[in-house]
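Structure below is structure.txt: compact mmCIF, C-alpha atoms.
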```
# COMPACT_ATOMS: atom_id res chain seq x y z
CA MET A 1 0.00 0.00 0.00
CA SER A 2 1.35 3.42 -0.94
CA LYS A 3 2.52 5.64 1.88
CA VAL A 4 0.57 8.78 2.70
CA ILE A 5 2.50 12.01 3.17
CA LEU A 6 0.96 15.11 4.74
CA VAL A 7 2.16 18.29 3.01
CA THR A 8 1.15 21.56 4.66
CA GLY A 9 0.82 24.72 2.59
CA ALA A 10 0.11 22.58 -0.47
CA ASN A 11 -0.45 25.54 -2.81
CA SER A 12 2.88 27.21 -1.96
CA PHE A 13 5.85 27.72 -4.28
CA ILE A 14 8.00 25.02 -2.63
CA ALA A 15 5.18 22.57 -1.91
CA GLY A 16 4.09 22.58 -5.55
CA TRP A 17 7.34 20.91 -6.59
CA ILE A 18 7.38 18.65 -3.52
CA ILE A 19 3.91 17.35 -4.39
CA LYS A 20 4.84 16.83 -8.05
CA TYR A 21 7.89 14.75 -7.15
CA LEU A 22 6.09 12.76 -4.43
CA LEU A 23 3.23 11.87 -6.80
CA GLU A 24 5.70 10.76 -9.46
CA LYS A 25 7.33 8.52 -6.85
CA GLY A 26 3.99 6.85 -6.12
CA TYR A 27 3.14 8.46 -2.79
CA HIS A 28 -0.34 9.53 -1.81
CA ILE A 29 -0.64 13.14 -0.64
CA ARG A 30 -2.83 14.80 1.94
CA GLY A 31 -2.41 18.53 1.42
CA THR A 32 -3.52 21.39 3.63
CA VAL A 33 -4.89 24.52 1.96
CA ARG A 34 -6.91 27.49 3.17
CA SER A 35 -9.81 27.23 0.74
CA GLN A 36 -11.44 25.37 -2.13
CA THR A 37 -9.97 27.98 -4.48
CA LYS A 38 -6.45 27.09 -3.32
CA GLU A 39 -7.27 23.39 -3.67
CA GLN A 40 -8.36 23.91 -7.25
CA GLN A 41 -5.15 25.82 -8.03
CA VAL A 42 -3.19 22.73 -7.00
CA LEU A 43 -5.46 20.26 -8.80
CA ASP A 44 -5.46 22.25 -12.05
CA ASN A 45 -1.80 21.40 -12.54
CA ILE A 46 -1.82 17.74 -11.54
CA PRO A 47 -2.16 15.25 -14.42
CA ASN A 48 -5.32 13.16 -14.35
CA GLU A 49 -3.44 9.96 -13.62
CA TYR A 50 -2.23 11.38 -10.30
CA GLN A 51 -5.42 13.09 -9.10
CA LYS A 52 -6.63 10.00 -7.22
CA GLN A 53 -3.41 10.10 -5.18
CA ILE A 54 -4.12 13.48 -3.59
CA SER A 55 -6.71 14.76 -1.14
CA PHE A 56 -7.07 18.04 0.74
CA VAL A 57 -7.91 19.36 4.18
CA TYR A 58 -8.87 22.98 4.79
CA MET A 59 -6.95 24.89 7.47
CA ASN A 60 -7.81 28.54 7.86
CA ASP A 61 -5.21 29.38 10.52
CA ILE A 62 -2.23 27.17 11.37
CA SER A 63 -1.74 29.20 14.53
CA THR A 64 -5.01 28.00 16.10
CA ASP A 65 -6.46 25.14 14.02
CA SER A 66 -5.79 21.62 15.28
CA PHE A 67 -3.75 19.07 13.32
CA ASP A 68 -5.11 16.15 15.37
CA GLU A 69 -7.44 14.76 12.70
CA ILE A 70 -5.23 15.79 9.81
CA VAL A 71 -2.30 13.57 10.90
CA GLN A 72 -4.45 10.44 11.24
CA GLY A 73 -3.01 7.59 9.18
CA VAL A 74 -0.14 9.46 7.54
CA ASP A 75 3.32 7.91 7.28
CA GLY A 76 5.33 11.11 7.12
CA ILE A 77 4.91 14.87 7.18
CA ILE A 78 6.49 17.72 5.23
CA HIS A 79 5.60 20.94 7.02
CA VAL A 80 6.04 23.79 4.53
CA ALA A 81 3.29 26.18 5.64
CA SER A 82 4.57 29.34 7.27
CA PRO A 83 3.26 32.91 7.06
CA LEU A 84 4.97 35.41 4.76
CA ASN A 85 2.86 38.53 5.23
CA LEU A 86 5.35 41.31 4.61
CA ASN A 87 2.64 43.97 4.70
CA THR A 88 1.59 43.33 8.28
CA THR A 89 1.67 45.95 11.00
CA ASN A 90 1.38 43.27 13.69
CA PRO A 91 4.32 40.88 13.22
CA GLU A 92 3.59 38.97 16.42
CA LYS A 93 0.05 38.04 15.31
CA ASP A 94 0.73 37.60 11.60
CA LEU A 95 4.28 36.17 11.51
CA LEU A 96 5.71 34.94 14.80
CA GLN A 97 2.74 33.23 16.41
CA PRO A 98 1.57 31.35 13.29
CA ALA A 99 5.11 30.15 12.50
CA ILE A 100 5.78 28.95 16.05
CA ASN A 101 2.33 27.59 16.88
CA GLY A 102 1.98 25.86 13.52
CA THR A 103 5.28 24.03 14.01
CA LYS A 104 4.57 23.09 17.63
CA GLY A 105 1.01 22.11 16.77
CA ILE A 106 1.89 19.64 14.05
CA LEU A 107 4.63 18.05 16.17
CA GLN A 108 2.28 17.73 19.16
CA SER A 109 -0.50 16.18 17.07
CA ALA A 110 1.92 13.70 15.49
CA HIS A 111 3.30 12.80 18.92
CA GLN A 112 -0.18 12.19 20.36
CA TYR A 113 -1.13 10.11 17.33
CA ASN A 114 1.95 7.90 17.70
CA GLN A 115 1.26 7.40 21.41
CA ASN A 116 -2.26 6.15 20.69
CA ASN A 117 -1.81 4.13 17.49
CA GLN A 118 0.17 1.13 16.35
CA HIS A 119 0.65 2.80 12.96
CA GLN A 120 3.48 5.27 13.34
CA ILE A 121 4.53 8.55 11.77
CA ARG A 122 8.26 7.99 11.30
CA ARG A 123 9.70 11.24 9.95
CA ILE A 124 8.74 14.93 9.86
CA VAL A 125 10.55 17.41 7.61
CA ILE A 126 10.22 21.10 8.42
CA THR A 127 10.92 23.96 6.02
CA SER A 128 13.12 26.37 7.94
CA SER A 129 15.33 29.04 6.37
CA PHE A 130 18.84 30.44 6.15
CA ALA A 131 17.23 33.24 8.16
CA ALA A 132 17.43 30.87 11.14
CA ILE A 133 21.20 30.59 10.62
CA PHE A 134 22.33 34.01 9.39
CA ASP A 135 23.45 36.64 11.90
CA PRO A 136 22.07 39.97 10.59
CA SER A 137 24.42 41.95 12.86
CA LYS A 138 27.40 40.59 10.89
CA ILE A 139 26.20 41.19 7.35
CA VAL A 140 29.10 40.52 4.96
CA ARG A 141 31.57 38.37 6.96
CA PRO A 142 34.13 37.78 4.18
CA GLY A 143 35.91 34.46 4.62
CA TYR A 144 33.22 33.00 6.92
CA SER A 145 31.40 29.81 5.92
CA PHE A 146 28.02 29.15 7.52
CA THR A 147 27.13 25.58 8.52
CA GLU A 148 24.25 23.82 10.25
CA LYS A 149 25.87 24.64 13.61
CA ASP A 150 25.20 28.38 13.20
CA TRP A 151 22.12 30.06 14.64
CA SER A 152 20.76 33.55 14.19
CA PRO A 153 20.76 35.44 17.50
CA LEU A 154 17.39 37.10 16.74
CA THR A 155 14.84 36.72 19.53
CA TYR A 156 11.06 36.69 19.79
CA GLU A 157 11.17 40.07 21.48
CA GLN A 158 13.21 41.55 18.63
CA GLY A 159 10.70 40.17 16.16
CA ILE A 160 7.78 41.78 17.98
CA ALA A 161 9.60 45.10 18.14
CA ALA A 162 10.44 45.12 14.43
CA ASN A 163 7.28 46.85 13.21
CA ASP A 164 9.29 49.11 10.92
CA GLU A 165 11.63 46.38 9.64
CA ILE A 166 9.38 43.55 8.54
CA HIS A 167 12.25 41.44 7.19
CA THR A 168 13.67 41.33 10.72
CA ALA A 169 10.30 40.13 12.02
CA TYR A 170 10.15 37.45 9.33
CA ARG A 171 13.69 36.25 10.13
CA ALA A 172 12.79 36.13 13.82
CA SER A 173 9.72 34.02 13.02
CA LYS A 174 11.87 31.45 11.22
CA VAL A 175 14.43 31.36 14.05
CA CYS A 176 11.78 30.96 16.74
CA ALA A 177 9.77 28.35 14.83
CA GLU A 178 12.81 26.14 14.25
CA ARG A 179 14.02 26.56 17.84
CA ALA A 180 10.51 25.56 18.99
CA ALA A 181 10.82 22.33 16.98
CA TRP A 182 14.16 21.40 18.54
CA GLU A 183 12.91 22.30 22.03
CA PHE A 184 9.87 20.07 21.48
CA MET A 185 12.06 17.15 20.44
CA GLU A 186 14.31 17.59 23.46
CA LYS A 187 11.44 17.84 25.92
CA GLU A 188 8.91 15.33 24.55
CA LYS A 189 11.28 12.78 22.95
CA PRO A 190 8.66 11.51 20.45
CA SER A 191 9.05 8.28 18.51
CA PHE A 192 9.46 10.12 15.19
CA THR A 193 12.54 12.05 14.05
CA ILE A 194 12.72 15.42 12.35
CA ALA A 195 14.84 17.09 9.71
CA THR A 196 14.87 20.84 9.20
CA ILE A 197 15.81 22.35 5.83
CA CYS A 198 17.49 25.77 5.80
CA GLU A 199 17.74 27.49 2.43
CA PRO A 200 18.68 31.04 1.30
CA MET A 201 16.98 32.91 -1.59
CA ILE A 202 14.79 30.50 -3.57
CA PHE A 203 14.38 31.19 -7.28
CA GLY A 204 13.08 29.24 -10.25
CA PRO A 205 9.98 28.33 -12.21
CA SER A 206 6.61 27.64 -10.66
CA VAL A 207 5.28 24.12 -11.03
CA ARG A 208 2.10 25.64 -12.49
CA GLY A 209 3.48 28.67 -14.29
CA PHE A 210 2.16 32.19 -13.73
CA LYS A 211 -1.34 33.30 -14.69
CA SER A 212 -1.15 36.69 -12.94
CA LEU A 213 1.26 38.83 -10.94
CA ASP A 214 -0.38 37.48 -7.77
CA ASP A 215 1.08 34.05 -8.61
CA ILE A 216 4.67 35.29 -8.28
CA ARG A 217 6.11 34.69 -4.82
CA THR A 218 8.44 37.04 -2.96
CA SER A 219 11.88 35.96 -4.23
CA ASN A 220 10.79 35.62 -7.86
CA LEU A 221 8.85 38.87 -7.58
CA SER A 222 12.10 40.77 -7.02
CA ILE A 223 13.37 39.34 -10.31
CA TRP A 224 10.15 40.30 -12.11
CA SER A 225 10.60 43.85 -10.82
CA LEU A 226 14.19 43.81 -12.07
CA ILE A 227 13.51 42.53 -15.58
CA THR A 228 10.58 44.90 -16.13
CA SER A 229 12.38 48.04 -14.93
CA GLY A 230 13.78 49.17 -18.32
CA HIS A 231 17.20 49.32 -19.98
CA ASP A 232 18.47 52.30 -17.98
CA ALA A 233 17.28 51.24 -14.52
CA GLN A 234 19.69 50.92 -11.61
CA ILE A 235 20.68 47.40 -10.55
CA PRO A 236 19.69 46.86 -6.90
CA ASP A 237 21.91 45.07 -4.40
CA ALA A 238 21.09 41.50 -3.37
CA ARG A 239 19.69 41.28 0.17
CA VAL A 240 20.96 37.70 0.60
CA PRO A 241 23.75 36.88 -1.89
CA MET A 242 23.27 33.09 -1.85
CA GLU A 243 20.65 31.17 -3.83
CA VAL A 244 19.14 27.79 -4.57
CA ASP A 245 16.67 26.52 -7.18
CA VAL A 246 13.20 25.68 -5.87
CA ARG A 247 13.41 22.24 -7.49
CA ASP A 248 16.52 21.44 -5.47
CA VAL A 249 14.74 22.61 -2.31
CA ALA A 250 11.90 20.19 -3.08
CA TYR A 251 14.33 17.34 -3.76
CA THR A 252 16.07 17.97 -0.43
CA HIS A 253 12.81 17.79 1.50
CA ILE A 254 11.90 14.45 -0.05
CA ALA A 255 15.39 13.00 0.39
CA ALA A 256 15.31 14.03 4.06
CA LEU A 257 11.86 12.44 4.42
CA GLU A 258 13.00 9.16 2.93
CA ARG A 259 16.17 8.98 5.02
CA ILE A 260 14.57 7.21 7.97
CA ILE A 261 17.20 7.25 10.69
CA ASP A 262 17.23 7.43 14.48
CA THR A 263 18.68 10.92 14.67
CA ASN A 264 17.26 14.38 14.09
CA GLU A 265 19.08 16.37 11.43
CA ARG A 266 19.47 19.94 10.24
CA TYR A 267 20.42 20.61 6.61
CA LEU A 268 21.71 23.85 5.11
CA ILE A 269 21.57 24.05 1.31
CA ALA A 270 22.78 26.60 -1.24
CA ALA A 271 23.86 26.36 -4.86
CA GLY A 272 26.13 29.42 -4.84
CA ALA A 273 26.43 33.17 -4.92
CA TRP A 274 24.28 35.45 -7.08
CA ASN A 275 23.59 39.10 -7.68
CA ASN A 276 21.16 41.07 -9.80
CA GLN A 277 23.86 42.01 -12.30
CA ARG A 278 24.41 38.33 -13.00
CA ILE A 279 20.70 37.92 -13.68
CA VAL A 280 20.58 40.72 -16.25
CA ASP A 281 23.78 39.42 -17.87
CA ILE A 282 22.17 35.98 -18.24
CA VAL A 283 19.05 37.55 -19.73
CA HIS A 284 20.94 39.52 -22.38
CA GLU A 285 23.40 36.73 -23.24
CA SER A 286 20.98 33.79 -23.32
CA ALA A 287 19.96 32.41 -26.69
CA ILE A 288 16.66 31.02 -25.37
CA ILE A 289 15.28 33.97 -23.40
CA PRO A 290 12.78 35.84 -25.62
CA LYS A 291 13.35 39.36 -26.91
CA SER A 292 10.27 40.54 -25.02
CA ILE A 293 12.15 39.94 -21.77
CA LYS A 294 15.41 41.45 -23.00
CA ASP A 295 13.59 44.60 -24.15
CA THR A 296 12.60 45.56 -20.60
CA THR A 297 15.67 44.31 -18.71
CA PRO A 298 18.36 46.78 -17.59
CA TYR A 299 22.00 46.38 -18.63
CA GLY A 300 23.84 47.69 -15.60
CA THR A 301 27.60 47.12 -15.65
CA LYS A 302 28.25 43.81 -17.36
CA GLY A 303 30.21 41.32 -15.28
CA GLN A 304 30.17 43.39 -12.11
CA GLN A 305 30.84 41.13 -9.15
CA LEU A 306 29.72 41.23 -5.55
CA SER A 307 32.22 42.39 -2.98
CA GLU A 308 33.66 39.52 -0.96
CA HIS A 309 31.12 37.99 1.42
CA TYR A 310 30.32 34.88 3.42
CA THR A 311 29.77 31.46 1.87
CA ILE A 312 27.54 28.52 2.78
CA ASP A 313 28.85 25.00 3.38
CA SER A 314 26.17 22.61 2.14
CA SER A 315 28.40 19.52 2.08
CA LYS A 316 26.30 17.69 4.68
CA ALA A 317 23.20 17.68 2.46
CA GLN A 318 25.28 16.73 -0.56
CA LYS A 319 26.88 13.81 1.27
CA GLU A 320 23.90 12.48 3.23
CA LEU A 321 21.02 13.28 0.88
CA GLY A 322 22.72 13.25 -2.52
CA VAL A 323 21.74 16.85 -3.20
CA THR A 324 23.07 18.35 -6.43
CA TYR A 325 22.40 21.85 -7.65
CA ILE A 326 20.83 23.26 -10.77
CA HIS A 327 23.07 25.87 -12.40
CA PHE A 328 21.94 29.45 -11.80
CA GLN A 329 21.73 30.13 -15.53
CA LYS A 330 19.19 27.33 -15.99
CA THR A 331 17.23 28.58 -12.98
CA ILE A 332 16.96 32.03 -14.53
CA GLU A 333 16.31 30.81 -18.09
CA ASP A 334 13.49 28.50 -16.97
CA LEU A 335 11.98 31.32 -14.92
CA MET A 336 12.27 33.81 -17.80
CA LEU A 337 10.42 31.47 -20.16
CA GLN A 338 7.51 31.44 -17.71
CA PHE A 339 7.74 35.22 -17.30
CA ALA A 340 7.53 35.58 -21.08
CA GLU A 341 4.28 33.60 -21.04
CA LEU A 342 3.00 35.82 -18.24
CA GLN A 343 3.85 38.89 -20.33
CA LYS A 344 1.59 37.55 -23.09
CA ILE A 345 -1.26 36.99 -20.63
CA LEU A 346 -0.92 40.48 -19.20
CA GLU A 347 -0.79 42.03 -22.69
CA GLN A 348 -3.97 40.18 -23.68
CA LYS A 349 -5.72 41.48 -20.57
CA THR A 350 -4.58 45.00 -21.43
CA CYS A 351 -5.79 44.71 -25.02
CA HIS A 352 -8.99 42.88 -24.12
CA PRO A 353 -10.00 43.93 -20.59
CA ALA A 354 -12.77 41.98 -18.96
CA SER A 355 -16.12 43.67 -19.43
```

Here is a file; write its structure as structure tokens.
Amino acid sequence: MSKVILVTGANSFIAGWIIKYLLEKGYHIRGTVRSQTKEQQVLDNIPNEYQKQISFVYMNDISTDSFDEIVQGVDGIIHVASPLNLNTTNPEKDLLQPAINGTKGILQSAHQYNQNNQHQIRRIVITSSFAAIFDPSKIVRPGYSFTEKDWSPLTYEQGIAANDEIHTAYRASKVCAERAAWEFMEKEKPSFTIATICEPMIFGPSVRGFKSLDDIRTSNLSIWSLITSGHDAQIPDARVPMEVDVRDVAYTHIAALERIIDTNERYLIAAGAWNNQRIVDIVHESAIIPKSIKDTTPYGTKGQQLSEHYTIDSSKAQKELGVTYIHFQKTIEDLMLQFAELQKILEQKTCHPAS
């Protein structure tokens, strides 16, 4: 009988690829979404032969809704759902509490299920972030290589206080949510093990393409803004100068899920360094990126490099999980092909607005 995997935040950028790969491997999926509309968005891009392998549960608020029934009968869990409301004026309510309570809630429900049932949840994979590792007080750190042993010093209190710096509040939410997971494991000592996945900037194509600007998630949205800013536009600095392709992030989650071992693990992944100048250079030099994209992309100063900065050591994931990385040029080219299709859709809407 095929194993059932619970994937939270099923309509998200990362989860889309996770679900695609899990279905292709023969797993059955139970996905959490907020609404029937979100469910349909996921289903619309799943081939008919896989649709019987996926079901959905509605969760309106991971901060307060219970996971008790949702975890019944699953073999493993990939917990992707986490708030990313960068327009909030209440980071505690909209970022920190949902991230922390959602993580603690799913671990507690899985633990209770295992205590009361012969069938056991064996492994839980949690999407964390490089934000939980990076120390924002030491921004550049040339010569330093981050590993899984590093932790951001940001606190819950700093996250609450960061009303005017929402990225600080978001980073604090990721730190606190992952710390909550490790504290739960230490205190409760459940029968399952966990793996947390920490990744920097995530770029790449969407598993379902883009039908509107609302479909573009935060990291890719910065690239859309860049490549639609015009030939003479300034090239902005990269906030986090390390990147990874979303498809590699999805692979890592599944590899960590399938590595059933008796220890809890933390994995830090990154393909390499990037900057916005490199993106525009790829756009203008690529033979497969359409002219429509090139026509609105700035030139900047060709070949301009970042100043020296920290690196990320992702050797643990490469060794233990077999992670390999998609080249940044392919990441950008695949994304640009989808952006070109989005351009066509937006042009059609402009020429033929809905009545």

Show which residues sit within 9 Å of Ile14 in chain A, as number ranges by chain. Count all atoms listed in the file, and ignore same-chain residues fewer than 6 positions away.
A: 80, 202, 206-207, 246-247, 249-250

Of the residues A:Pro241, A:Pro190, A:Gly322, A:Pro91, which is the one nearest to Arg171 in chain A, using all atoms listed in the file?
A:Pro91

Write out as a ChimeraX atom specification which residues come within 10 Å of range 93-100 of chain A when counting all atoms listed in the file, dropping same-chain ones fewer than 2 positions away.
/A:61-64,81-91,102-105,128,156,159-160,166,169-181

Write out as a ChimeraX atom specification which residues come within 12 Å of Ile260 in chain A when counting only C-alpha atoms, dropping same-chain ones fewer than 5 positions away.
/A:75-76,121-125,191-195,254-255,265,320-321

May I have the residues within 10 Å of Asp135 in chain A as a ChimeraX atom specification, using only C-alpha atoms and disregarding those fewer than 5 positions away in the same chain?
/A:130,140-141,146,150-154,171

Select, from A:Ser212, A:Ser145, A:Gln234, A:Ser66, the residue with the minimum atom-to-atom distance to Ser315 in chain A, counting only C-alpha atoms.
A:Ser145

From A:Leu221, A:Leu22, A:Leu337, A:Ile332, residue lying nearest Gln53 in chain A [all atoms listed in the file]:
A:Leu22

Could you work out how far CA of Leu342 in chain A lies from CA of Arg239 in chain A, giving the answer in Å with one decimal?
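For CA of Arg239 in chain A relative to CA of Leu342 in chain A, the distance reads 25.4 Å.
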
Hey, what's within 6 Å of Gly230 in chain A if we count all atoms listed in the file and toss same-chain stuff fewer than 4 positions away? As a PyMOL selection string, please?
chain A and resi 296-298
